[in-house]
Structures are given as C-alpha cells and as structure tokens.
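*Asks:* Dropping in protein-v6.txt, with compact mmCIF, C-alpha atoms.
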# COMPACT_ATOMS: atom_id res chain seq x y z
CA MET A 22 2.79 -34.03 -27.92
CA THR A 23 0.65 -33.66 -24.78
CA LYS A 24 3.38 -32.33 -22.45
CA TYR A 25 6.65 -30.45 -22.73
CA SER A 26 9.42 -33.02 -22.60
CA LYS A 27 12.40 -32.94 -20.20
CA GLN A 28 10.79 -30.30 -17.97
CA SER A 29 10.41 -30.43 -14.19
CA ARG A 30 7.02 -29.99 -12.52
CA PHE A 31 6.64 -27.50 -9.66
CA LEU A 32 3.89 -26.73 -7.20
CA ILE A 33 2.30 -23.28 -7.32
CA ALA A 34 0.89 -21.74 -4.18
CA VAL A 35 -0.87 -18.49 -3.28
CA ASP A 36 -0.24 -16.54 -0.07
CA CYS A 37 -2.48 -13.68 1.04
CA ILE A 38 -1.26 -10.81 3.22
CA VAL A 39 -4.47 -9.49 4.77
CA PHE A 40 -4.26 -6.01 6.32
CA GLY A 41 -7.06 -4.69 8.50
CA PHE A 42 -7.73 -1.40 10.28
CA ASP A 43 -9.92 -1.06 13.38
CA GLY A 44 -9.96 2.74 13.49
CA GLU A 45 -6.83 2.98 15.59
CA THR A 46 -4.34 0.26 14.66
CA LEU A 47 -3.22 -1.42 11.44
CA LYS A 48 -3.32 -5.20 11.85
CA LEU A 49 -2.42 -8.40 10.00
CA LEU A 50 -4.66 -11.47 9.80
CA LEU A 51 -2.71 -14.63 10.65
CA ILE A 52 -3.48 -18.29 11.24
CA LYS A 53 -1.77 -21.20 12.95
CA ARG A 54 -0.55 -23.64 10.29
CA SER A 55 -2.52 -26.90 10.55
CA PHE A 56 0.00 -29.32 9.02
CA ASN A 57 3.73 -30.06 8.84
CA PRO A 58 6.23 -28.66 8.26
CA GLU A 59 5.96 -25.79 10.76
CA LYS A 60 2.68 -27.08 12.18
CA ASP A 61 1.10 -24.73 14.77
CA LYS A 62 3.41 -21.88 13.73
CA TRP A 63 2.09 -18.49 12.64
CA SER A 64 1.42 -18.24 8.91
CA LEU A 65 -0.17 -16.10 6.23
CA MET A 66 -3.27 -17.40 4.45
CA GLY A 67 -1.95 -19.82 1.87
CA GLY A 68 -2.74 -22.84 -0.24
CA PHE A 69 -2.00 -24.58 -3.53
CA VAL A 70 -3.40 -23.54 -6.90
CA GLN A 71 -5.66 -26.18 -8.44
CA ALA A 72 -5.27 -27.26 -12.06
CA THR A 73 -8.64 -25.82 -13.08
CA GLU A 74 -8.35 -22.35 -11.57
CA SER A 75 -6.51 -19.12 -12.25
CA LEU A 76 -4.25 -17.43 -9.72
CA ASP A 77 -6.95 -14.88 -8.84
CA GLN A 78 -9.53 -17.63 -8.41
CA ALA A 79 -7.15 -19.54 -6.16
CA ALA A 80 -6.46 -16.46 -4.02
CA ASN A 81 -10.16 -15.75 -3.54
CA ARG A 82 -10.93 -19.42 -2.80
CA ILE A 83 -8.11 -19.76 -0.27
CA LEU A 84 -9.02 -16.53 1.47
CA LYS A 85 -12.66 -17.59 1.81
CA GLN A 86 -11.76 -21.13 2.86
CA LEU A 87 -9.34 -20.07 5.60
CA THR A 88 -11.05 -16.93 6.89
CA GLY A 89 -14.57 -16.74 5.49
CA LEU A 90 -13.71 -13.44 3.81
CA GLU A 91 -14.97 -12.65 0.32
CA GLY A 92 -15.56 -9.55 -1.73
CA VAL A 93 -12.53 -7.74 -0.27
CA TYR A 94 -9.89 -5.68 -2.06
CA LEU A 95 -7.31 -8.22 -3.28
CA GLU A 96 -4.31 -7.44 -5.49
CA GLN A 97 -1.55 -9.66 -6.89
CA MET A 98 1.86 -8.51 -5.76
CA TYR A 99 5.01 -10.60 -6.34
CA SER A 100 6.20 -14.16 -6.91
CA PHE A 101 8.58 -15.94 -4.52
CA GLY A 102 10.57 -18.77 -6.05
CA GLU A 103 13.69 -19.53 -4.02
CA THR A 104 14.49 -23.21 -4.54
CA ASN A 105 14.55 -23.97 -0.80
CA ARG A 106 11.71 -21.77 0.40
CA ASP A 107 9.60 -24.87 1.19
CA PRO A 108 11.58 -27.77 2.76
CA ILE A 109 9.18 -30.45 1.46
CA GLU A 110 8.90 -29.75 -2.25
CA ARG A 111 9.80 -27.06 -4.78
CA THR A 112 6.99 -24.55 -4.50
CA ILE A 113 6.59 -21.18 -6.17
CA SER A 114 4.29 -18.81 -4.31
CA VAL A 115 2.39 -15.88 -5.79
CA SER A 116 1.60 -13.31 -3.11
CA TYR A 117 -1.47 -11.10 -2.84
CA PHE A 118 -2.34 -8.35 -0.41
CA ALA A 119 -5.85 -7.68 0.81
CA LEU A 120 -7.26 -4.58 2.54
CA VAL A 121 -10.10 -5.00 5.02
CA ASP A 122 -12.23 -2.79 7.25
CA ILE A 123 -12.10 -4.97 10.37
CA HIS A 124 -15.45 -3.79 11.72
CA LYS A 125 -17.20 -4.50 8.42
CA TYR A 126 -15.98 -8.08 8.28
CA GLU A 127 -15.57 -9.02 11.96
CA LYS A 128 -18.65 -11.29 11.91
CA GLN A 129 -17.51 -12.89 8.66
CA ILE A 130 -14.16 -14.17 9.98
CA SER A 131 -14.21 -17.97 10.25
CA THR A 132 -12.93 -19.56 13.47
CA ASP A 133 -12.21 -22.94 11.84
CA PHE A 134 -8.54 -22.13 11.30
CA HIS A 135 -8.18 -19.82 14.32
CA ALA A 136 -7.61 -16.67 12.27
CA GLU A 137 -6.44 -13.84 14.49
CA TRP A 138 -5.85 -10.12 13.98
CA VAL A 139 -2.38 -9.14 15.21
CA PRO A 140 -1.08 -5.52 15.43
CA LEU A 141 1.38 -4.99 12.59
CA LYS A 142 4.04 -3.69 14.98
CA ARG A 143 3.84 -6.86 17.09
CA ILE A 144 3.59 -9.67 14.57
CA PRO A 145 5.24 -12.94 15.68
CA LYS A 146 7.83 -14.90 13.73
CA LEU A 147 6.26 -16.28 10.54
CA ILE A 148 7.02 -19.48 8.62
CA PHE A 149 9.16 -19.75 5.48
CA ASP A 150 9.57 -16.40 3.70
CA HIS A 151 6.26 -14.96 4.90
CA GLN A 152 7.96 -12.12 6.79
CA GLU A 153 9.59 -11.03 3.54
CA MET A 154 6.17 -11.07 1.88
CA VAL A 155 4.76 -8.82 4.61
CA GLU A 156 7.61 -6.32 4.28
CA LEU A 157 7.18 -6.13 0.51
CA ALA A 158 3.41 -5.71 0.90
CA LYS A 159 3.93 -2.80 3.29
CA LYS A 160 6.15 -1.05 0.74
CA SER A 161 3.71 -1.74 -2.10
CA ILE A 162 0.80 -0.26 -0.18
CA ARG A 163 2.78 2.88 0.66
CA TYR A 164 3.60 3.56 -2.97
CA LYS A 165 0.13 2.73 -4.27
CA ALA A 166 -1.51 4.91 -1.61
CA ALA A 167 0.03 7.97 -3.25
CA LEU A 168 -1.76 7.35 -6.55
CA HIS A 169 -4.89 5.34 -5.77
CA PRO A 170 -7.56 5.45 -3.04
CA ILE A 171 -6.67 1.98 -1.77
CA LEU A 172 -6.32 3.04 1.88
CA PHE A 173 -10.01 3.90 1.96
CA GLU A 174 -10.67 0.17 1.56
CA LEU A 175 -9.50 -0.07 5.17
CA LEU A 176 -12.04 2.50 6.36
CA PRO A 177 -15.82 2.41 6.75
CA SER A 178 -17.85 4.44 4.26
CA ARG A 179 -17.86 7.35 6.71
CA PHE A 180 -14.90 8.17 8.92
CA THR A 181 -13.42 10.93 11.05
CA LEU A 182 -10.23 12.88 10.38
CA PRO A 183 -8.57 11.35 13.47
CA GLN A 184 -9.32 7.88 12.08
CA LEU A 185 -7.89 8.87 8.70
CA GLN A 186 -4.76 10.27 10.34
CA ASN A 187 -4.33 7.12 12.46
CA LEU A 188 -4.52 5.07 9.28
CA TYR A 189 -1.89 7.10 7.43
CA GLU A 190 0.42 7.08 10.44
CA SER A 191 0.05 3.31 10.76
CA VAL A 192 0.64 2.59 7.08
CA PHE A 193 3.62 4.95 6.75
CA ASN A 194 4.97 4.23 10.24
CA THR A 195 5.37 7.90 11.09
CA SER A 196 3.86 10.73 13.13
CA ILE A 197 1.99 13.52 11.36
CA ASP A 198 1.16 16.90 12.87
CA LYS A 199 -2.58 16.97 13.53
CA ARG A 200 -3.28 20.51 12.33
CA ASN A 201 -1.08 20.16 9.29
CA PHE A 202 -2.71 16.85 8.35
CA SER A 203 -6.26 18.21 8.69
CA LYS A 204 -5.36 21.33 6.71
CA ARG A 205 -3.82 19.37 3.84
CA VAL A 206 -6.60 16.79 3.70
CA LEU A 207 -9.40 19.36 3.67
CA ALA A 208 -7.53 21.47 1.12
CA THR A 209 -7.83 18.65 -1.42
CA GLY A 210 -11.57 19.27 -1.66
CA LEU A 211 -12.09 15.53 -2.03
CA LEU A 212 -13.83 14.89 1.28
CA ILE A 213 -17.53 15.44 1.94
CA LYS A 214 -18.25 16.69 5.46
CA LEU A 215 -21.34 15.10 7.01
CA THR A 216 -23.65 16.64 9.59
CA ASP A 217 -23.30 14.00 12.32
CA LYS A 218 -20.40 13.38 14.67
CA ASP A 219 -18.60 10.51 16.33
CA LYS A 220 -18.75 11.29 20.05
CA ALA A 221 -17.14 8.08 21.25
CA GLY A 222 -13.80 9.79 21.92
CA SER A 223 -15.01 13.09 23.43
CA LYS A 224 -18.12 15.11 24.26
CA ARG A 225 -17.31 17.57 21.49
CA GLY A 226 -16.99 14.77 18.99
CA ALA A 227 -15.46 14.64 15.51
CA TYR A 228 -17.38 15.15 12.28
CA TYR A 229 -17.77 12.24 9.91
CA TYR A 230 -16.52 12.54 6.33
CA GLN A 231 -16.91 10.60 3.10
CA LEU A 232 -14.58 10.39 0.12
CA ASN A 233 -16.04 11.95 -3.02
CA MET A 234 -15.04 9.21 -5.45
CA GLN A 235 -16.06 11.15 -8.56
CA LYS A 236 -13.83 14.09 -7.68
CA TYR A 237 -11.09 11.76 -6.49
CA TYR A 238 -10.68 10.00 -9.83
CA ALA A 239 -10.72 13.36 -11.58
CA ASN A 240 -8.04 14.82 -9.30
CA PHE A 241 -6.39 11.96 -7.42
CA GLN A 242 -3.05 13.83 -7.45
CA ALA A 243 -4.42 16.07 -4.71
CA PHE A 244 -3.75 13.39 -2.12
CA ILE A 245 -0.07 13.08 -3.03
CA ASN A 246 0.73 16.17 -0.94
CA ILE A 247 -0.35 14.50 2.30
CA ILE A 248 1.64 11.31 1.66
CA PRO A 249 5.04 11.13 3.39
CA ASN A 250 7.95 10.01 1.21
CA PRO A 251 8.07 6.19 1.63
CA ASP A 252 11.83 6.14 1.02
CA SER A 253 12.43 8.30 4.09
CA LEU A 254 10.40 6.10 6.42
CA GLN A 255 11.40 3.13 8.49
CA ASN A 256 10.08 -0.28 7.49
Now, as a test, write the supplied structure out as structure tokens.
*Replies:*
Amino acid sequence: MTKYSKQSRFLIAVDCIVFGFDGETLKLLLIKRSFNPEKDKWSLMGGFVQATESLDQAANRILKQLTGLEGVYLEQMYSFGETNRDPIERTISVSYFALVDIHKYEKQISTDFHAEWVPLKRIPKLIFDHQEMVELAKKSIRYKAALHPILFELLPSRFTLPQLQNLYESVFNTSIDKRNFSKRVLATGLLIKLTDKDKAGSKRGAYYYQLNMQKYYANFQAFINIIPNPDSLQN
C-alpha cells in the first residue's frame, strides 16, 4: 500500500504574523495579496507547504520569499482548519509569529511584494481568518513575555528605559507609570547600564542598557513583577 485508502487530501499552508518595533510603536508587517481570491487585499505572509519540506522550513522559506527576512525569531503558534476558511479549496493553515527589530532589518525588507509596516492599532481589514490569527498571536506574546525574554527580540542590543517601557505598553496595550516601571525594571538586577546615552529625545538624554542574558536565564522570574496581568487588559 503506497497511500491511505478512502482519505481526502488537503492543502497545508503557513501564515506568518510578523511583529516589529521601531522604538516607539509596535507594528505588523503586511502585504497586498497578489492573486485571487481577495487579490490586492491586505494579508499576512503566507504560502503553501511543499511536499519536501517541514512546517518550520516552509515558514522560513515563505518569510524570506515574501519579505527578504531571515534569521528572525519565529515560533509556531496554532493551526486553523475551519472547512470554509479558504473559498477555493480546503486548506489548513499553521500560523507562526515572528519578532523583529525594525531598524535592524529595514534594509532587508524586500519590495517585490510591497511589504509594509502598519501600526498594530491601525491595521486594516485582513483576508480570511488572518485577523483571528493576529489576535491570538497578541495573546500568545503577552503570556510568553512573562516567562521568556522574547520581547527583547524586538529591541536592538542596547536600548533605553523609555524604549523598553514603550514596548511593554504597546504589547500589553496599557499605560504604565514611568517611575514605577523604571524602579521595578532596575530592581530585577538583570539590566546592564552602559556609559553612553541616547540624546535624540532630549539634551539630558537617556542611558542605554543591555539585558544580561546569563543572569536572566538564572532568574527570569524577576521580570514577572513588571508584566501586567494579560487577562485584565483589552485586546
């Protein structure tokens, strides 16, 4: 027997939810779909899995093909399999989310498919069930951020406390008291204060910091205290 008998064949796709941070605003990387159905409508980065590749290989290939991005943080999230999610043919999609420092990869973004960074609070209507994928990805990132240093994938290797606070406020869709945030972050002992400052925002400037990865993995629970409760936040 070379195939399972009396079984239907489905298409498998991969969709990538790519989040980026520019130091002030959390954004989503979108493209205009190049074929029907829903041609020229806003879409996530997606494509079909080839017979000779794994899901992870497909996700990395599709992301590079559509945006030029490679070597970014990419994590499998959830499968979407509603029978009518694609009007053309039964397609099961496996979603991934990616985290990108926009400034690090801005020259790497391909213009072939008109990829565009859109502020997360102003994303347009997306095709199929892509909006549902985005909402689930937002929730996944919030929960994971309490236990793993994934948000630092969105930051450059050195960053200021205002940039870090902007990031947390964007991800958790909330406002955090500046003094309280700085106090809690510095109390973790997991940040290394550098000698130089970012003076782009003011003459006084803000000191740059780096995350001490060795201490972080030994005491990652220290960051839980600065994470708002995701269940109490708006989507």
*Asks:* Can you list, as a list in words, every protein, DNA or RNA residue that comes within 12 Å of Ser75 in chain A when you count all atoms listed in the file, leaving out same-chain residues fewer than 5 positions away?
*Replies:*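 Skipping anything fewer than 5 positions along the chain leaves Ile33, Ala34, Val35, Phe69, Val70, Ala80, Asn81, Arg82, Gln97 and Val115 of chain A.
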*Asks:* Taking a cut-off of 9 Å and counting only C-alpha atoms, can you build a table that, for each residue of range 35-115 of chain A near range 142-159 of chain A, reports the nearest atom pair and how far apart they are in Å (one decimal), sorted by chain then residue number, as CSV?
*Replies:*
residue,atom,partner,partner_atom,distance
A:Asp36,CA,A:His151,CA,8.3
A:Ile38,CA,A:Val155,CA,6.5
A:Leu47,CA,A:Lys142,CA,8.4
A:Lys48,CA,A:Lys142,CA,8.1
A:Leu49,CA,A:Ile144,CA,7.7
A:Leu51,CA,A:Ile144,CA,8.9
A:Arg54,CA,A:Ile148,CA,8.8
A:Glu59,CA,A:Ile148,CA,6.7
A:Lys62,CA,A:Ile148,CA,6.7
A:Trp63,CA,A:Leu147,CA,5.2
A:Ser64,CA,A:Leu147,CA,5.5
A:Leu65,CA,A:His151,CA,6.7
A:Met98,CA,A:Ala158,CA,7.4
A:Tyr99,CA,A:Met154,CA,8.3
A:Phe101,CA,A:Asp150,CA,8.3
A:Arg106,CA,A:Phe149,CA,6.0
A:Asp107,CA,A:Phe149,CA,6.7
A:Pro108,CA,A:Phe149,CA,8.8
*Asks:* At what distance in Å, to one decimal, does CA of Leu175 in chain A lie from CA of Ile123 in chain A?
*Replies:*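 CA of Leu175 in chain A lies at a distance of 7.6 Å from CA of Ile123 in chain A.
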*Asks:* Using all atoms listed in the file, list the residues that have an atom at most 12 Å from (-14.8, 3.1, 9.1), coordinates as in the file, as a ChimeraX atom specification.
*Replies:* /A:41-45,121-126,172-185,187-188,219,229-232
*Asks:* Quick one: distance from CA of Glu96 in chain A to CA of Phe118 in chain A in Å, one decimal?
*Replies:*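 Those two atoms sit 5.5 Å apart.
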*Asks:* Find the spatial neighbours of Met234 in chain A, counting all atoms listed in the file, within a cut-off of 12 Å - ignore same-chain residues fewer than 6 positions away - and output them as a list in words.
*Replies:*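 What passes the distance filter is His169, Pro170, Ile171, Phe173, Ser178, Gly210, Leu211, Leu212, Ile213, Asn240 and Phe241 of chain A.
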*Asks:* Measure the distance from CA of Lys236 in chain A to CA of Ala166 in chain A in Å and round it to one decimal.
*Replies:*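 We find that CA of Lys236 in chain A and CA of Ala166 in chain A lie 16.5 Å from each other.
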*Asks:* With all atoms listed in the file as the counted atoms, please give the residues lying no more than 8 Å from range 196-204 of chain A, apart from itself and same-chain residues fewer than 2 positions off, as a list of chain:residue names.
*Replies:*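 Once the nearby chain positions are removed, what remains is A:Leu182, A:Gln186, A:Glu190, A:Asn194, A:Val206, A:Leu207, A:Ala208, A:Ile247.
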*Asks:* List the neighbours of Glu91 in chain A out to 10 Å using only C-alpha atoms; skip same-chain residues closer than 4 positions along the sequence, and give me the result as a ChimeraX atom specification.
*Replies:* /A:81-86,95,126,129-130
